[in-house]
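Trainee: Input entry12.cif, format and content: mmCIF, N, CA and C atoms.
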```
data_entry
loop_
_atom_site.label_atom_id
_atom_site.label_comp_id
_atom_site.auth_asym_id
_atom_site.auth_seq_id
_atom_site.Cartn_x
_atom_site.Cartn_y
_atom_site.Cartn_z
N MET A 1 -6.06 -21.89 -2.33
CA MET A 1 -4.73 -21.38 -2.61
C MET A 1 -4.76 -20.53 -3.88
N GLN A 2 -4.03 -19.43 -3.84
CA GLN A 2 -4.02 -18.49 -4.96
C GLN A 2 -2.59 -18.17 -5.37
N PRO A 3 -1.89 -19.10 -5.99
CA PRO A 3 -0.48 -18.87 -6.29
C PRO A 3 -0.21 -17.74 -7.27
N ASN A 4 -1.17 -17.39 -8.12
CA ASN A 4 -0.96 -16.32 -9.10
C ASN A 4 -1.41 -14.95 -8.60
N ASN A 5 -1.94 -14.89 -7.40
CA ASN A 5 -2.39 -13.62 -6.83
C ASN A 5 -1.22 -12.99 -6.08
N PRO A 6 -0.72 -11.83 -6.53
CA PRO A 6 0.41 -11.19 -5.86
C PRO A 6 0.13 -10.81 -4.41
N LEU A 7 -1.15 -10.68 -4.04
CA LEU A 7 -1.48 -10.33 -2.66
C LEU A 7 -1.48 -11.55 -1.74
N HIS A 8 -1.54 -12.74 -2.32
CA HIS A 8 -1.62 -13.96 -1.52
C HIS A 8 -0.37 -14.11 -0.64
N GLY A 9 -0.60 -14.21 0.65
CA GLY A 9 0.50 -14.39 1.59
C GLY A 9 1.26 -13.12 1.94
N LYS A 10 0.86 -11.98 1.38
CA LYS A 10 1.52 -10.70 1.68
C LYS A 10 0.79 -10.01 2.80
N LYS A 11 1.54 -9.56 3.77
CA LYS A 11 0.94 -8.79 4.86
C LYS A 11 0.69 -7.36 4.39
N LEU A 12 -0.36 -6.76 4.95
CA LEU A 12 -0.68 -5.38 4.63
C LEU A 12 0.52 -4.47 4.94
N GLU A 13 1.22 -4.75 6.00
CA GLU A 13 2.39 -3.94 6.36
C GLU A 13 3.46 -4.00 5.26
N THR A 14 3.68 -5.16 4.70
CA THR A 14 4.66 -5.32 3.62
C THR A 14 4.22 -4.54 2.39
N ILE A 15 2.95 -4.65 2.05
CA ILE A 15 2.41 -3.92 0.89
C ILE A 15 2.60 -2.42 1.09
N LEU A 16 2.25 -1.93 2.27
CA LEU A 16 2.36 -0.51 2.54
C LEU A 16 3.82 -0.05 2.51
N ASN A 17 4.70 -0.80 3.12
CA ASN A 17 6.13 -0.45 3.08
C ASN A 17 6.66 -0.39 1.66
N GLU A 18 6.27 -1.33 0.83
CA GLU A 18 6.73 -1.33 -0.56
C GLU A 18 6.17 -0.14 -1.34
N LEU A 19 4.92 0.21 -1.08
CA LEU A 19 4.32 1.37 -1.75
C LEU A 19 5.01 2.67 -1.31
N VAL A 20 5.29 2.78 -0.03
CA VAL A 20 5.96 3.99 0.47
C VAL A 20 7.37 4.08 -0.13
N GLU A 21 8.05 2.97 -0.22
CA GLU A 21 9.39 2.96 -0.81
C GLU A 21 9.33 3.34 -2.29
N TYR A 22 8.31 2.87 -2.99
CA TYR A 22 8.18 3.13 -4.42
C TYR A 22 7.71 4.56 -4.71
N PHE A 23 6.68 5.01 -3.96
CA PHE A 23 6.07 6.32 -4.25
C PHE A 23 6.54 7.44 -3.33
N ASP A 24 6.64 7.22 -2.07
CA ASP A 24 6.84 8.13 -0.93
C ASP A 24 5.47 8.59 -0.43
N TRP A 25 5.45 9.13 0.78
CA TRP A 25 4.17 9.49 1.42
C TRP A 25 3.41 10.56 0.64
N ASP A 26 4.12 11.57 0.14
CA ASP A 26 3.45 12.67 -0.57
C ASP A 26 2.72 12.17 -1.82
N ALA A 27 3.38 11.33 -2.58
CA ALA A 27 2.75 10.79 -3.78
C ALA A 27 1.57 9.89 -3.41
N LEU A 28 1.74 9.08 -2.38
CA LEU A 28 0.62 8.23 -1.95
C LEU A 28 -0.58 9.07 -1.55
N ALA A 29 -0.33 10.16 -0.84
CA ALA A 29 -1.42 11.05 -0.40
C ALA A 29 -2.14 11.69 -1.59
N GLN A 30 -1.41 11.90 -2.68
CA GLN A 30 -2.05 12.47 -3.87
C GLN A 30 -2.86 11.41 -4.62
N ILE A 31 -2.35 10.20 -4.64
CA ILE A 31 -3.04 9.12 -5.36
C ILE A 31 -4.25 8.64 -4.57
N ILE A 32 -4.06 8.46 -3.26
CA ILE A 32 -5.14 8.03 -2.36
C ILE A 32 -5.23 9.08 -1.26
N PRO A 33 -6.09 10.09 -1.43
CA PRO A 33 -6.12 11.21 -0.49
C PRO A 33 -6.84 10.88 0.82
N ILE A 34 -6.14 10.19 1.69
CA ILE A 34 -6.69 9.89 3.02
C ILE A 34 -5.75 10.50 4.06
N ASN A 35 -6.32 10.92 5.19
CA ASN A 35 -5.55 11.66 6.19
C ASN A 35 -4.34 10.90 6.72
N CYS A 36 -4.44 9.59 6.83
CA CYS A 36 -3.30 8.85 7.38
C CYS A 36 -2.10 8.91 6.45
N PHE A 37 -2.28 9.28 5.19
CA PHE A 37 -1.17 9.47 4.26
C PHE A 37 -0.77 10.94 4.18
N LYS A 38 -1.70 11.85 4.48
CA LYS A 38 -1.46 13.28 4.30
C LYS A 38 -0.90 13.96 5.55
N SER A 39 -1.42 13.61 6.72
CA SER A 39 -1.10 14.32 7.94
C SER A 39 -0.23 13.47 8.86
N ASP A 40 1.05 13.82 8.95
CA ASP A 40 2.01 13.12 9.81
C ASP A 40 1.96 11.61 9.59
N PRO A 41 2.21 11.16 8.37
CA PRO A 41 2.04 9.74 8.05
C PRO A 41 3.07 8.83 8.73
N SER A 42 2.60 7.66 9.08
CA SER A 42 3.49 6.62 9.60
C SER A 42 2.90 5.28 9.22
N ILE A 43 3.74 4.27 9.21
CA ILE A 43 3.27 2.92 8.90
C ILE A 43 2.24 2.49 9.94
N LYS A 44 2.56 2.73 11.21
CA LYS A 44 1.68 2.28 12.30
C LYS A 44 0.28 2.90 12.22
N SER A 45 0.21 4.22 12.06
CA SER A 45 -1.11 4.87 12.01
C SER A 45 -1.87 4.48 10.74
N SER A 46 -1.15 4.34 9.65
CA SER A 46 -1.79 3.95 8.39
C SER A 46 -2.33 2.53 8.47
N LEU A 47 -1.57 1.62 9.06
CA LEU A 47 -2.04 0.24 9.20
C LEU A 47 -3.30 0.18 10.06
N LYS A 48 -3.32 0.95 11.13
CA LYS A 48 -4.50 0.96 12.00
C LYS A 48 -5.74 1.40 11.21
N PHE A 49 -5.60 2.48 10.46
CA PHE A 49 -6.72 2.98 9.66
C PHE A 49 -7.12 1.97 8.58
N LEU A 50 -6.15 1.46 7.86
CA LEU A 50 -6.45 0.55 6.74
C LEU A 50 -7.08 -0.75 7.21
N ARG A 51 -6.70 -1.22 8.37
CA ARG A 51 -7.29 -2.45 8.90
C ARG A 51 -8.74 -2.25 9.31
N GLN A 52 -9.11 -1.02 9.60
CA GLN A 52 -10.48 -0.72 10.04
C GLN A 52 -11.36 -0.21 8.91
N THR A 53 -10.77 0.10 7.76
CA THR A 53 -11.50 0.78 6.69
C THR A 53 -11.33 0.00 5.38
N ASP A 54 -12.33 -0.81 5.08
CA ASP A 54 -12.23 -1.72 3.93
C ASP A 54 -12.02 -0.99 2.60
N TRP A 55 -12.74 0.12 2.37
CA TRP A 55 -12.62 0.80 1.08
C TRP A 55 -11.22 1.35 0.89
N ALA A 56 -10.60 1.84 1.96
CA ALA A 56 -9.24 2.40 1.85
C ALA A 56 -8.23 1.28 1.63
N ARG A 57 -8.41 0.17 2.32
CA ARG A 57 -7.51 -0.97 2.13
C ARG A 57 -7.60 -1.47 0.69
N LYS A 58 -8.80 -1.50 0.14
CA LYS A 58 -9.00 -1.94 -1.24
C LYS A 58 -8.25 -1.02 -2.20
N LYS A 59 -8.30 0.28 -1.96
CA LYS A 59 -7.58 1.23 -2.82
C LYS A 59 -6.07 0.99 -2.76
N VAL A 60 -5.56 0.72 -1.56
CA VAL A 60 -4.12 0.45 -1.40
C VAL A 60 -3.75 -0.84 -2.11
N GLU A 61 -4.56 -1.87 -1.94
CA GLU A 61 -4.28 -3.15 -2.60
C GLU A 61 -4.36 -3.01 -4.12
N ASP A 62 -5.35 -2.27 -4.60
CA ASP A 62 -5.47 -2.05 -6.05
C ASP A 62 -4.27 -1.29 -6.61
N LEU A 63 -3.81 -0.28 -5.88
CA LEU A 63 -2.64 0.48 -6.30
C LEU A 63 -1.42 -0.43 -6.34
N TYR A 64 -1.28 -1.28 -5.34
CA TYR A 64 -0.16 -2.23 -5.31
C TYR A 64 -0.21 -3.16 -6.52
N LEU A 65 -1.38 -3.69 -6.82
CA LEU A 65 -1.52 -4.60 -7.96
C LEU A 65 -1.22 -3.89 -9.28
N THR A 66 -1.65 -2.65 -9.40
CA THR A 66 -1.43 -1.88 -10.62
C THR A 66 0.07 -1.69 -10.87
N HIS A 67 0.84 -1.49 -9.82
CA HIS A 67 2.26 -1.20 -9.95
C HIS A 67 3.14 -2.36 -9.50
N TYR A 68 2.56 -3.54 -9.38
CA TYR A 68 3.27 -4.70 -8.85
C TYR A 68 4.58 -4.99 -9.59
N ASP A 69 4.53 -5.00 -10.91
CA ASP A 69 5.73 -5.33 -11.69
C ASP A 69 6.84 -4.29 -11.48
N GLN A 70 6.48 -3.00 -11.49
CA GLN A 70 7.48 -1.96 -11.29
C GLN A 70 8.08 -2.03 -9.88
N ILE A 71 7.24 -2.25 -8.89
CA ILE A 71 7.71 -2.33 -7.50
C ILE A 71 8.68 -3.49 -7.35
N ASN A 72 8.36 -4.62 -7.93
CA ASN A 72 9.21 -5.79 -7.78
C ASN A 72 10.45 -5.73 -8.64
N ASN A 73 10.44 -4.97 -9.72
CA ASN A 73 11.65 -4.79 -10.52
C ASN A 73 12.69 -3.96 -9.77
N ILE A 74 12.25 -3.03 -8.94
CA ILE A 74 13.16 -2.21 -8.14
C ILE A 74 13.88 -3.07 -7.12
N LYS A 75 13.19 -4.04 -6.57
CA LYS A 75 13.75 -4.88 -5.51
C LYS A 75 14.80 -5.85 -6.03
N LYS A 76 14.85 -6.07 -7.32
CA LYS A 76 15.78 -7.05 -7.90
C LYS A 76 17.16 -6.47 -8.09
#
```
For the file at hand, write its structure as structure tokens.
Mentor:
Amino acid sequence: MQPNNPLHGKKLETILNELVEYFDWDALAQIIPINCFKSDPSIKSSLKFLRQTDWARKKVEDLYLTHYDQINNIKK
């Protein structure tokens, strides 16, 4: 159990939705330049790619952790 890990129990879809809400697709594509963010982005296509590509998923998770406090302050 990892109660202090913000990723613990979070679905990749939730993480991605929160990042898109916080940054928007254009900003995400600039921060993490992958085609699923740059070309006709959608949650569904991005999830498919991220689930198959460990290095890209790691970048998304790292970005989420870096901005975790700001993202969660918006939701309050």
Trainee: Between atom N of Phe49 in chain A and atom C of Asn73 in chain A, measure the distance and give it in Å to one decimal.
Mentor: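 Result for atom N of Phe49 in chain A versus atom C of Asn73 in chain A: 28.0 Å, one decimal.
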Trainee: On this structure, which residues satisfy the PyMOL selection byres (((chain A and resi 35 and name CA) around 12) and name CA), written as a ChimeraX atom specification?
Mentor: /A:25-26,28-30,32-34,36-42,45-46,49-50,56
Trainee: Using Å and a single decimal, report how far atom C of Ile74 in chain A sits from CA of Trp55 in chain A.
Mentor: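 For CA of Trp55 in chain A relative to atom C of Ile74 in chain A, the distance reads 28.0 Å.
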Trainee: Going by DSSP on the backbone, which residues of chain A come out as alpha helix (DSSP H)? List them as a count of residues only.
Mentor: 54
Trainee: What lies within 9 Å of Leu12 in chain A using only C-alpha atoms, ignoring chain neighbours under 3 positions off, as a list in words?
Mentor: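 In the requested form, the answer reads Leu7, Ile15, Leu16, Asn17, Leu47, Leu50, Arg51, Arg57 and Glu61 of chain A.
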